[in-house]
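Q: For reference, the structure I am asking about is given below.
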Amino acid sequence: MKKRVMVLFGGRSSEHEVSVISGATVAKAIPDDRYEKILIGITKEGAWLLTPSVEAMEDGSWRESRVHAVLSPETDRTLLLIEGDKIERVTVDVAFPVLHGLWGEDGTVQGLFETAKLPYVGCGHLSGAITMDKFFTKVIADSIGVDQAAYVPVRSWELSDMDAVVARIEKEREYPVFVKPSNAGSSVGITKAHNREELEAGLRLAADNDSKILVEEAIVGREIECAVFGYGDAAFATGVGEIVAAAEFYDYDAKYNNADSKTVVGPELPEGKEDEFRETALRIYKACDCFGLARVDFFLEAGTNRVVFNEINTIPGHTAISMYPMLMERAGHPMAAYVPELIEMAYERR
């Protein structure tokens, strides 16, 4: 009997559109001869809708579905499909969240799965919450001695006295600096400030996305990414890839809308550095209690060749330009192989 897999995509975050594309890619990689797929799209308003096909995901017509879905918090793994006054109860065997950003990658929906005792793919609720929050990820990186960009934490309510906040930042850091909302993905809300005016504008933009803000030193160097797969002692890190951004930094527009941005799999690196990236990625992955998959992002600092940790993504993108599936394939693990492995891994954790 086929296992019934619920694929969740879309979501309420600023990465909604990217999640729909990633969800369609993942759904195609789930083999029909082994699994029955239930596709559930989450609108920007938060409605869960039964989606008839991958094609509906790709052309956007899934948003017109009249069948709403509700995952019961009871422990019988029941999905309620509601159309008008008709309710159908469907038992789900495993959930596969392909949700980027808040309300999906941050541990919230994983908590719902755990309440319902529903096995699910990927990192647990605590791991998702920690890694989604850049501030707490930095605390963990500090605790295990991993190099990272120096930073100044700011709370949004402190901006009522902007002069005091700016003075504190300028006392600790030199321009340029990066201004980041602590909880956001795909570089949403991130700016690079070269002076006080840009810093103030960046702080206001970041505050629109989160109440916690990080002001980081600007690391000049190459942007390097590494894929990690598995759990515990069986987890492994792939080789690395390099991001060559078409803009000053790899923001949302450079990532998804600028064709001049490039990803290079297996770039030339100084001797021993690829191993250092892989070893550091595994250290971060395990320290954050990750499970299943994650992408770990770094800088290779210019002039020093210092490996500098940037961030970790527990539901990495699976679009045509996404680094994670490219790195996995180069390591001998194509999507057709590792996506079913992730589903089976969910049962192992249970």
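A note on labels: chains of the structure tokens are A, B, ... as shown, every chain counts residues from 1, and ligands are counted from 1 in their shown order.
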What lies within 8 Å of region 295-299 of chain A using only C-alpha atoms, ignoring chain neighbours under 2 positions off, as an mmCIF file with all heavy atoms, in the first residue's frame?
A:
```cif
data_model
loop_
_atom_site.group_PDB
_atom_site.id
_atom_site.type_symbol
_atom_site.label_atom_id
_atom_site.label_comp_id
_atom_site.auth_asym_id
_atom_site.auth_seq_id
_atom_site.Cartn_x
_atom_site.Cartn_y
_atom_site.Cartn_z
ATOM 1 N N ILE A 219 31.617 41.585 5.384
ATOM 2 C CA ILE A 219 32.730 40.702 5.046
ATOM 3 C C ILE A 219 32.951 40.773 3.533
ATOM 4 O O ILE A 219 32.043 40.499 2.750
ATOM 5 C CB ILE A 219 32.435 39.250 5.462
ATOM 6 C CG1 ILE A 219 32.168 39.157 6.965
ATOM 7 C CG2 ILE A 219 33.589 38.344 5.047
ATOM 8 C CD1 ILE A 219 33.366 39.483 7.835
ATOM 9 N N VAL A 220 34.139 41.155 3.136
ATOM 10 C CA VAL A 220 34.476 41.214 1.715
ATOM 11 C C VAL A 220 35.081 39.871 1.324
ATOM 12 O O VAL A 220 36.091 39.441 1.899
ATOM 13 C CB VAL A 220 35.477 42.348 1.428
ATOM 14 C CG1 VAL A 220 35.850 42.361 -0.057
ATOM 15 C CG2 VAL A 220 34.882 43.688 1.842
ATOM 16 N N GLY A 221 34.455 39.200 0.386
ATOM 17 C CA GLY A 221 34.973 37.899 -0.011
ATOM 18 C C GLY A 221 34.006 37.146 -0.893
ATOM 19 O O GLY A 221 32.979 37.688 -1.338
ATOM 20 N N ARG A 222 34.264 35.897 -1.104
ATOM 21 C CA ARG A 222 33.459 35.037 -1.964
ATOM 22 C C ARG A 222 32.338 34.393 -1.147
ATOM 23 O O ARG A 222 32.529 34.044 0.032
ATOM 24 C CB ARG A 222 34.340 33.955 -2.589
ATOM 25 C CG ARG A 222 35.435 34.523 -3.455
ATOM 26 C CD ARG A 222 36.528 33.518 -3.777
ATOM 27 N NE ARG A 222 36.037 32.418 -4.603
ATOM 28 C CZ ARG A 222 36.796 31.403 -5.010
ATOM 29 N NH1 ARG A 222 38.080 31.338 -4.640
ATOM 30 N NH2 ARG A 222 36.281 30.446 -5.767
ATOM 31 N N GLU A 223 31.156 34.237 -1.769
ATOM 32 C CA GLU A 223 30.010 33.614 -1.103
ATOM 33 C C GLU A 223 29.976 32.134 -1.458
ATOM 34 O O GLU A 223 29.831 31.768 -2.626
ATOM 35 C CB GLU A 223 28.710 34.304 -1.518
ATOM 36 C CG GLU A 223 28.646 35.766 -1.081
ATOM 37 C CD GLU A 223 27.279 36.379 -1.321
ATOM 38 O OE1 GLU A 223 26.271 35.730 -0.983
ATOM 39 O OE2 GLU A 223 27.227 37.504 -1.853
ATOM 40 N N ILE A 224 30.103 31.295 -0.427
ATOM 41 C CA ILE A 224 30.226 29.853 -0.601
ATOM 42 C C ILE A 224 29.084 29.146 0.135
ATOM 43 O O ILE A 224 28.725 29.534 1.257
ATOM 44 C CB ILE A 224 31.580 29.337 -0.051
ATOM 45 C CG1 ILE A 224 32.747 30.093 -0.712
ATOM 46 C CG2 ILE A 224 31.710 27.845 -0.252
ATOM 47 C CD1 ILE A 224 32.906 29.853 -2.194
ATOM 48 N N GLU A 225 28.514 28.098 -0.492
ATOM 49 C CA GLU A 225 27.413 27.347 0.125
ATOM 50 C C GLU A 225 27.732 25.859 0.125
ATOM 51 O O GLU A 225 28.426 25.350 -0.762
ATOM 52 C CB GLU A 225 26.108 27.616 -0.626
ATOM 53 C CG GLU A 225 25.694 29.078 -0.598
ATOM 54 C CD GLU A 225 24.357 29.345 -1.264
ATOM 55 O OE1 GLU A 225 23.834 28.434 -1.944
ATOM 56 O OE2 GLU A 225 23.826 30.455 -1.095
ATOM 57 N N CYS A 226 27.182 25.172 1.135
ATOM 58 C CA CYS A 226 27.424 23.738 1.285
ATOM 59 C C CYS A 226 26.103 23.065 1.671
ATOM 60 O O CYS A 226 25.350 23.590 2.500
ATOM 61 C CB CYS A 226 28.478 23.509 2.378
ATOM 62 S SG CYS A 226 28.933 21.775 2.647
ATOM 63 N N ALA A 227 25.823 21.921 1.064
ATOM 64 C CA ALA A 227 24.614 21.158 1.399
ATOM 65 C C ALA A 227 24.952 20.094 2.434
ATOM 66 O O ALA A 227 26.008 19.460 2.360
ATOM 67 C CB ALA A 227 24.045 20.501 0.146
ATOM 68 N N VAL A 228 24.052 19.917 3.405
ATOM 69 C CA VAL A 228 24.204 18.869 4.409
ATOM 70 C C VAL A 228 22.955 17.990 4.372
ATOM 71 O O VAL A 228 21.833 18.493 4.204
ATOM 72 C CB VAL A 228 24.416 19.447 5.823
ATOM 73 C CG1 VAL A 228 24.674 18.332 6.825
ATOM 74 C CG2 VAL A 228 25.576 20.440 5.835
ATOM 75 N N PHE A 277 35.228 24.108 4.863
ATOM 76 C CA PHE A 277 33.816 24.468 4.711
ATOM 77 C C PHE A 277 32.925 23.291 5.103
ATOM 78 O O PHE A 277 31.942 23.450 5.837
ATOM 79 C CB PHE A 277 33.513 24.880 3.270
ATOM 80 C CG PHE A 277 33.923 26.274 2.924
ATOM 81 C CD1 PHE A 277 34.871 26.501 1.929
ATOM 82 C CD2 PHE A 277 33.372 27.365 3.574
ATOM 83 C CE1 PHE A 277 35.256 27.795 1.602
ATOM 84 C CE2 PHE A 277 33.741 28.664 3.247
ATOM 85 C CZ PHE A 277 34.699 28.873 2.260
ATOM 86 N N ALA A 281 30.402 23.228 8.245
ATOM 87 C CA ALA A 281 28.967 23.059 7.972
ATOM 88 C C ALA A 281 28.380 21.957 8.845
ATOM 89 O O ALA A 281 27.288 22.113 9.407
ATOM 90 C CB ALA A 281 28.754 22.748 6.495
ATOM 91 N N TYR A 285 25.481 22.352 11.684
ATOM 92 C CA TYR A 285 24.301 21.505 11.474
ATOM 93 C C TYR A 285 23.979 20.707 12.738
ATOM 94 O O TYR A 285 22.832 20.674 13.197
ATOM 95 C CB TYR A 285 24.597 20.577 10.301
ATOM 96 C CG TYR A 285 23.458 19.720 9.804
ATOM 97 C CD1 TYR A 285 22.554 20.204 8.869
ATOM 98 C CD2 TYR A 285 23.319 18.389 10.211
ATOM 99 C CE1 TYR A 285 21.533 19.407 8.364
ATOM 100 C CE2 TYR A 285 22.303 17.593 9.715
ATOM 101 C CZ TYR A 285 21.414 18.098 8.789
ATOM 102 O OH TYR A 285 20.409 17.293 8.297
ATOM 103 N N LEU A 293 17.914 17.781 6.171
ATOM 104 C CA LEU A 293 18.622 18.576 5.173
ATOM 105 C C LEU A 293 18.760 20.011 5.635
ATOM 106 O O LEU A 293 17.959 20.506 6.430
ATOM 107 C CB LEU A 293 17.907 18.533 3.820
ATOM 108 C CG LEU A 293 16.628 19.360 3.624
ATOM 109 C CD1 LEU A 293 16.276 19.437 2.132
ATOM 110 C CD2 LEU A 293 15.463 18.818 4.422
ATOM 111 N N GLU A 301 36.810 35.003 3.189
ATOM 112 C CA GLU A 301 37.222 36.400 3.291
ATOM 113 C C GLU A 301 38.414 36.709 2.388
ATOM 114 O O GLU A 301 39.402 35.962 2.371
ATOM 115 C CB GLU A 301 37.569 36.725 4.744
ATOM 116 C CG GLU A 301 37.793 38.206 5.001
ATOM 117 C CD GLU A 301 37.993 38.507 6.470
ATOM 118 O OE1 GLU A 301 38.743 37.762 7.140
ATOM 119 O OE2 GLU A 301 37.400 39.488 6.952
ATOM 120 N N ARG A 306 39.908 33.478 5.371
ATOM 121 C CA ARG A 306 39.211 33.019 6.576
ATOM 122 C C ARG A 306 37.823 32.514 6.201
ATOM 123 O O ARG A 306 37.092 33.159 5.444
ATOM 124 C CB ARG A 306 39.112 34.169 7.575
ATOM 125 C CG ARG A 306 38.452 33.816 8.908
ATOM 126 C CD ARG A 306 38.624 34.950 9.906
ATOM 127 N NE ARG A 306 37.955 36.162 9.475
ATOM 128 C CZ ARG A 306 36.919 36.731 10.123
ATOM 129 N NH1 ARG A 306 36.445 36.182 11.229
ATOM 130 N NH2 ARG A 306 36.387 37.841 9.663
ATOM 131 N N VAL A 307 37.437 31.352 6.739
ATOM 132 C CA VAL A 307 36.096 30.801 6.546
ATOM 133 C C VAL A 307 35.168 31.453 7.565
ATOM 134 O O VAL A 307 35.360 31.305 8.781
ATOM 135 C CB VAL A 307 36.095 29.276 6.704
ATOM 136 C CG1 VAL A 307 34.663 28.730 6.737
ATOM 137 C CG2 VAL A 307 36.881 28.621 5.565
ATOM 138 N N VAL A 308 34.167 32.193 7.069
ATOM 139 C CA VAL A 308 33.269 32.952 7.938
ATOM 140 C C VAL A 308 31.849 32.432 7.742
ATOM 141 O O VAL A 308 31.291 32.513 6.645
ATOM 142 C CB VAL A 308 33.337 34.455 7.621
ATOM 143 C CG1 VAL A 308 32.406 35.239 8.555
ATOM 144 C CG2 VAL A 308 34.760 34.966 7.716
ATOM 145 N N PHE A 309 31.248 31.918 8.808
ATOM 146 C CA PHE A 309 29.867 31.419 8.749
ATOM 147 C C PHE A 309 28.903 32.578 8.580
ATOM 148 O O PHE A 309 29.025 33.614 9.232
ATOM 149 C CB PHE A 309 29.542 30.648 10.027
ATOM 150 C CG PHE A 309 28.080 30.340 10.213
ATOM 151 C CD1 PHE A 309 27.416 29.489 9.350
ATOM 152 C CD2 PHE A 309 27.364 30.916 11.259
ATOM 153 C CE1 PHE A 309 26.071 29.212 9.519
ATOM 154 C CE2 PHE A 309 26.027 30.642 11.443
ATOM 155 C CZ PHE A 309 25.377 29.782 10.562
ATOM 156 N N ASN A 310 27.897 32.399 7.695
ATOM 157 C CA ASN A 310 26.889 33.425 7.477
ATOM 158 C C ASN A 310 25.534 33.010 8.044
ATOM 159 O O ASN A 310 25.031 33.618 8.986
ATOM 160 C CB ASN A 310 26.765 33.746 5.990
ATOM 161 C CG ASN A 310 25.796 34.878 5.705
ATOM 162 O OD1 ASN A 310 25.567 35.729 6.563
ATOM 163 N ND2 ASN A 310 25.219 34.892 4.516
ATOM 164 N N GLU A 311 24.921 31.938 7.496
ATOM 165 C CA GLU A 311 23.623 31.496 8.005
ATOM 166 C C GLU A 311 23.339 30.072 7.550
ATOM 167 O O GLU A 311 24.070 29.502 6.744
ATOM 168 C CB GLU A 311 22.503 32.428 7.536
ATOM 169 C CG GLU A 311 22.310 32.474 6.026
ATOM 170 C CD GLU A 311 21.215 33.447 5.619
ATOM 171 O OE1 GLU A 311 20.911 34.365 6.400
ATOM 172 O OE2 GLU A 311 20.665 33.285 4.520
ATOM 173 N N ILE A 312 22.273 29.505 8.092
ATOM 174 C CA ILE A 312 21.860 28.146 7.744
ATOM 175 C C ILE A 312 20.382 28.156 7.382
ATOM 176 O O ILE A 312 19.579 28.843 8.032
ATOM 177 C CB ILE A 312 22.166 27.165 8.908
ATOM 178 C CG1 ILE A 312 21.784 25.724 8.532
ATOM 179 C CG2 ILE A 312 21.511 27.599 10.190
ATOM 180 C CD1 ILE A 312 22.320 24.696 9.523
ATOM 181 N N ASN A 313 20.024 27.422 6.326
ATOM 182 C CA ASN A 313 18.638 27.344 5.851
ATOM 183 C C ASN A 313 18.164 25.897 5.937
ATOM 184 O O ASN A 313 18.718 25.018 5.272
ATOM 185 C CB ASN A 313 18.549 27.835 4.408
ATOM 186 C CG ASN A 313 18.885 29.307 4.275
ATOM 187 O OD1 ASN A 313 18.017 30.158 4.356
ATOM 188 N ND2 ASN A 313 20.161 29.617 4.087
ATOM 189 N N THR A 314 17.113 25.654 6.731
ATOM 190 C CA THR A 314 16.683 24.282 6.992
ATOM 191 C C THR A 314 15.683 23.745 5.972
ATOM 192 O O THR A 314 15.435 22.539 5.930
ATOM 193 C CB THR A 314 16.075 24.166 8.398
ATOM 194 O OG1 THR A 314 15.001 25.109 8.529
ATOM 195 C CG2 THR A 314 17.124 24.439 9.459
ATOM 196 N N ILE A 315 15.083 24.615 5.157
ATOM 197 C CA ILE A 315 14.281 24.158 4.012
ATOM 198 C C ILE A 315 14.816 24.903 2.795
ATOM 199 O O ILE A 315 14.248 25.904 2.355
ATOM 200 C CB ILE A 315 12.770 24.394 4.209
ATOM 201 C CG1 ILE A 315 12.279 23.722 5.489
ATOM 202 C CG2 ILE A 315 11.992 23.833 3.012
ATOM 203 C CD1 ILE A 315 10.774 23.848 5.728
ATOM 204 N N PRO A 316 15.947 24.448 2.274
ATOM 205 C CA PRO A 316 16.593 25.167 1.172
ATOM 206 C C PRO A 316 15.752 25.136 -0.099
ATOM 207 O O PRO A 316 14.954 24.225 -0.320
ATOM 208 C CB PRO A 316 17.918 24.413 0.983
ATOM 209 C CG PRO A 316 17.669 23.053 1.556
ATOM 210 C CD PRO A 316 16.699 23.250 2.667
ATOM 211 N N TYR A 324 21.194 23.873 -3.436
ATOM 212 C CA TYR A 324 21.139 22.598 -2.708
ATOM 213 C C TYR A 324 21.003 21.386 -3.634
ATOM 214 O O TYR A 324 21.824 20.458 -3.558
ATOM 215 C CB TYR A 324 20.007 22.605 -1.671
ATOM 216 C CG TYR A 324 20.057 21.395 -0.761
ATOM 217 C CD1 TYR A 324 20.751 21.448 0.446
ATOM 218 C CD2 TYR A 324 19.439 20.195 -1.095
ATOM 219 C CE1 TYR A 324 20.838 20.349 1.276
ATOM 220 C CE2 TYR A 324 19.524 19.080 -0.278
ATOM 221 C CZ TYR A 324 20.220 19.165 0.919
ATOM 222 O OH TYR A 324 20.308 18.061 1.730
#
```
Q: DSSP on the backbone: what in region 89-256 of chain A comes out strand (DSSP E), as a PyMOL selection string?
A: chain A and resi 89-91+94-98+151-155+177-181+191-193+212-217+221-230+236-244
Q: Which residues are near Gly124 (chain A)? Cut-off 9 Å, only C-alpha atoms, ignore same chain within fewer than 3 positions. Put them as an mmCIF file with N, CA and C atoms, in the first residue's frame.
A:
```cif
data_model
loop_
_atom_site.group_PDB
_atom_site.id
_atom_site.type_symbol
_atom_site.label_atom_id
_atom_site.label_comp_id
_atom_site.auth_asym_id
_atom_site.auth_seq_id
_atom_site.Cartn_x
_atom_site.Cartn_y
_atom_site.Cartn_z
ATOM 1 N N GLY A 107 9.747 26.467 12.512
ATOM 2 C CA GLY A 107 9.343 25.557 13.583
ATOM 3 C C GLY A 107 7.871 25.593 13.922
ATOM 4 N N GLN A 110 5.990 22.737 12.125
ATOM 5 C CA GLN A 110 6.546 21.492 12.663
ATOM 6 C C GLN A 110 5.944 21.177 14.032
ATOM 7 N N GLY A 111 5.664 22.214 14.814
ATOM 8 C CA GLY A 111 4.996 22.003 16.103
ATOM 9 C C GLY A 111 3.602 21.440 15.923
ATOM 10 N N GLU A 114 3.919 17.783 15.161
ATOM 11 C CA GLU A 114 4.249 17.011 16.365
ATOM 12 C C GLU A 114 3.027 16.847 17.268
ATOM 13 N N TYR A 120 7.192 13.938 9.775
ATOM 14 C CA TYR A 120 7.408 14.992 8.784
ATOM 15 C C TYR A 120 8.875 15.066 8.384
ATOM 16 N N VAL A 121 9.090 15.569 7.188
ATOM 17 C CA VAL A 121 10.423 15.694 6.622
ATOM 18 C C VAL A 121 11.112 16.938 7.188
ATOM 19 N N SER A 127 14.930 23.219 16.164
ATOM 20 C CA SER A 127 15.973 23.500 15.178
ATOM 21 C C SER A 127 15.520 24.556 14.186
ATOM 22 N N GLY A 128 14.274 24.431 13.715
ATOM 23 C CA GLY A 128 13.752 25.414 12.774
ATOM 24 C C GLY A 128 13.687 26.806 13.369
ATOM 25 N N ALA A 129 13.246 26.892 14.629
ATOM 26 C CA ALA A 129 13.129 28.196 15.284
ATOM 27 C C ALA A 129 14.503 28.838 15.480
ATOM 28 N N ASP A 289 21.039 21.039 16.003
ATOM 29 C CA ASP A 289 20.156 19.880 16.076
ATOM 30 C C ASP A 289 19.358 19.689 14.789
ATOM 31 N N CYS A 290 20.017 19.891 13.650
ATOM 32 C CA CYS A 290 19.330 19.759 12.370
ATOM 33 C C CYS A 290 19.104 18.296 12.015
ATOM 34 N N PHE A 291 18.140 18.077 11.157
ATOM 35 C CA PHE A 291 17.730 16.721 10.772
ATOM 36 C C PHE A 291 17.241 16.748 9.329
#
```
Q: From the set A:Val188, A:Ile284, A:Val92, A:Ile42, which residue has the shortest atom-to-atom contact distance to Asp76 (chain A), counting only C-alpha atoms?
A: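 Counting only C-alpha atoms, the residue closest to Asp76 (chain A) is A:Val92.
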Q: So that I can see what lies close to Leu71 (chain A), please list as a VMD selection string the residues with an atom at most 12 Å from it, counting only C-alpha atoms and leaving out residues fewer than 2 positions away in the same chain.
A: chain A and resid 6 8 40 47 to 50 68 to 69 73 to 82 88 to 92 95 109 112 to 118
Q: Enumerate the residues of region 62-286 of chain A with a DSSP assignment of alpha helix (DSSP H), computed from the backbone, and present them as a ChimeraX atom specification.
A: /A:108-115,125-132,134-143,162-172,196-209,252-256,273-286
Q: Please list as a list in words every residue within 8 Å of region 100-103 of chain A, counting only C-alpha atoms and excluding residues in the same chain fewer than 3 positions away.
A: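 Everything that qualifies: Gly11, Arg12, Ser13, Ser14, Glu15, His16, Val18, Ser19, Asp106, Gly107, Thr108, Val109, Met132, Asn183, Ala184, Gly185, Ile315, Pro316 and Gly317 of chain A.
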Q: With only C-alpha atoms as the atoms that count, which of A:Tyr347, A:Ala167, A:Lys138, A:Cys123 lies nearest to Gly292 (chain A)?
A: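 Of the candidates, the smallest distance to Gly292 (chain A) is held by A:Cys123.
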Q: Skip Ser160 (chain A) itself and residues of its chain fewer than 3 positions away, then list as a CSV table (one decimal) with C-alpha atoms, in the first residue's frame all residues within 12 Å of it, counting only C-alpha atoms.
A:
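Result file follows (around.csv):
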```
chain,number,residue,atom,x,y,z
A,154,VAL,CA,19.0,46.1,17.8
A,155,ARG,CA,15.3,45.9,18.9
A,156,SER,CA,12.7,47.6,16.7
A,157,TRP,CA,11.3,49.6,19.6
A,163,ASP,CA,20.1,58.9,17.2
A,164,ALA,CA,21.0,56.7,20.2
A,165,VAL,CA,20.8,53.5,18.2
A,166,VAL,CA,23.0,54.9,15.4
A,200,GLU,CA,18.7,54.7,9.3
A,203,LEU,CA,17.0,49.9,10.2
A,204,ARG,CA,13.5,51.0,9.3
A,207,ALA,CA,12.0,46.7,11.5
```
Q: Just how far from CA of Ala235 (chain A) is CA of Lys37 (chain A), in Å to one decimal?
A: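 Value for the CA of Lys37 (chain A)-CA of Ala235 (chain A) distance: 26.8 Å.
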Q: At what distance in Å, to one decimal, does CA of Val177 (chain A) lie from CA of Gly202 (chain A)?
A: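 Taking CA of Gly202 (chain A) as the start and CA of Val177 (chain A) as the end point, the length is 9.9 Å.
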Q: Find the nearest atom pair between each residue of region 308-341 of chain A and region 24-32 of chain A for residues within 9 Å, count only C-alpha atoms, give distances in Å to one decimal, sort rows by chain and ascending number, and present the table as CSV.
A:
```
residue,atom,partner,partner_atom,distance
A:His318,CA,A:Thr25,CA,6.3
A:Thr319,CA,A:Thr25,CA,6.9
A:Ala320,CA,A:Thr25,CA,8.6
A:Met335,CA,A:Ala29,CA,6.2
A:Ala336,CA,A:Ala29,CA,5.2
A:Ala337,CA,A:Ala29,CA,8.3
A:Tyr338,CA,A:Ala29,CA,9.0
A:Val339,CA,A:Ile30,CA,6.5
A:Pro340,CA,A:Ile30,CA,6.3
```
Q: For the selection just defined, write its residues with all heavy atoms to a file, as a compact mmCIF listing (two decimals), in the first residue's frame.
A:
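And here is the file that came out, out15.txt:
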```
# COMPACT_ATOMS: atom_id res chain seq x y z
N HIS A 318 14.42 24.80 -3.91
CA HIS A 318 14.52 23.77 -4.94
C HIS A 318 13.98 24.31 -6.26
O HIS A 318 13.18 23.68 -6.93
CB HIS A 318 13.77 22.50 -4.51
CG HIS A 318 14.56 21.63 -3.60
ND1 HIS A 318 14.78 21.95 -2.27
CD2 HIS A 318 15.21 20.46 -3.81
CE1 HIS A 318 15.52 21.01 -1.71
NE2 HIS A 318 15.79 20.09 -2.62
N THR A 319 14.44 25.52 -6.60
CA THR A 319 14.10 26.10 -7.90
C THR A 319 15.18 25.70 -8.91
O THR A 319 16.15 25.01 -8.57
CB THR A 319 14.03 27.64 -7.81
OG1 THR A 319 15.35 28.17 -7.62
CG2 THR A 319 13.14 28.07 -6.65
N ALA A 320 15.03 26.18 -10.13
CA ALA A 320 16.00 25.84 -11.18
C ALA A 320 17.39 26.40 -10.90
O ALA A 320 18.38 25.90 -11.42
CB ALA A 320 15.50 26.35 -12.53
N MET A 335 17.89 14.35 -6.97
CA MET A 335 16.62 14.53 -6.27
C MET A 335 15.77 13.28 -6.27
O MET A 335 15.10 12.96 -5.27
CB MET A 335 15.83 15.69 -6.87
CG MET A 335 16.31 17.06 -6.47
SD MET A 335 15.18 18.34 -7.02
CE MET A 335 13.73 17.92 -6.08
N ALA A 336 15.76 12.56 -7.38
CA ALA A 336 14.95 11.34 -7.47
C ALA A 336 15.35 10.32 -6.43
O ALA A 336 14.55 9.46 -6.05
CB ALA A 336 15.08 10.73 -8.87
N ALA A 337 16.58 10.42 -5.92
CA ALA A 337 17.05 9.50 -4.88
C ALA A 337 16.88 10.09 -3.49
O ALA A 337 16.39 9.42 -2.57
CB ALA A 337 18.52 9.15 -5.12
N TYR A 338 17.27 11.37 -3.29
CA TYR A 338 17.27 11.87 -1.92
C TYR A 338 15.90 12.32 -1.41
O TYR A 338 15.66 12.33 -0.20
CB TYR A 338 18.33 12.95 -1.70
CG TYR A 338 18.08 14.34 -2.24
CD1 TYR A 338 17.16 15.22 -1.64
CD2 TYR A 338 18.82 14.84 -3.32
CE1 TYR A 338 16.98 16.50 -2.09
CE2 TYR A 338 18.63 16.13 -3.79
CZ TYR A 338 17.71 16.96 -3.17
OH TYR A 338 17.52 18.24 -3.63
N VAL A 339 14.97 12.67 -2.30
CA VAL A 339 13.63 13.05 -1.83
C VAL A 339 12.92 11.86 -1.18
O VAL A 339 12.40 11.98 -0.06
CB VAL A 339 12.80 13.66 -2.98
CG1 VAL A 339 11.31 13.70 -2.62
CG2 VAL A 339 13.29 15.07 -3.28
N PRO A 340 12.90 10.67 -1.79
CA PRO A 340 12.32 9.51 -1.09
C PRO A 340 13.08 9.16 0.20
O PRO A 340 12.47 8.74 1.19
CB PRO A 340 12.44 8.37 -2.11
CG PRO A 340 12.50 9.05 -3.44
CD PRO A 340 13.24 10.31 -3.20
```
Q: Using only C-alpha atoms for the distances, tell me which of A:Gly232, A:Asp59, A:Glu217, A:Leu39 is nearest to Arg349 (chain A).
A: A:Gly232
Q: Would you compute the distance between CA of Glu45 (chain A) and CA of Gly104 (chain A)? Give it in Å to one decimal.
A: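 According to the coordinates, CA of Glu45 (chain A) and CA of Gly104 (chain A) are separated by 13.7 Å.
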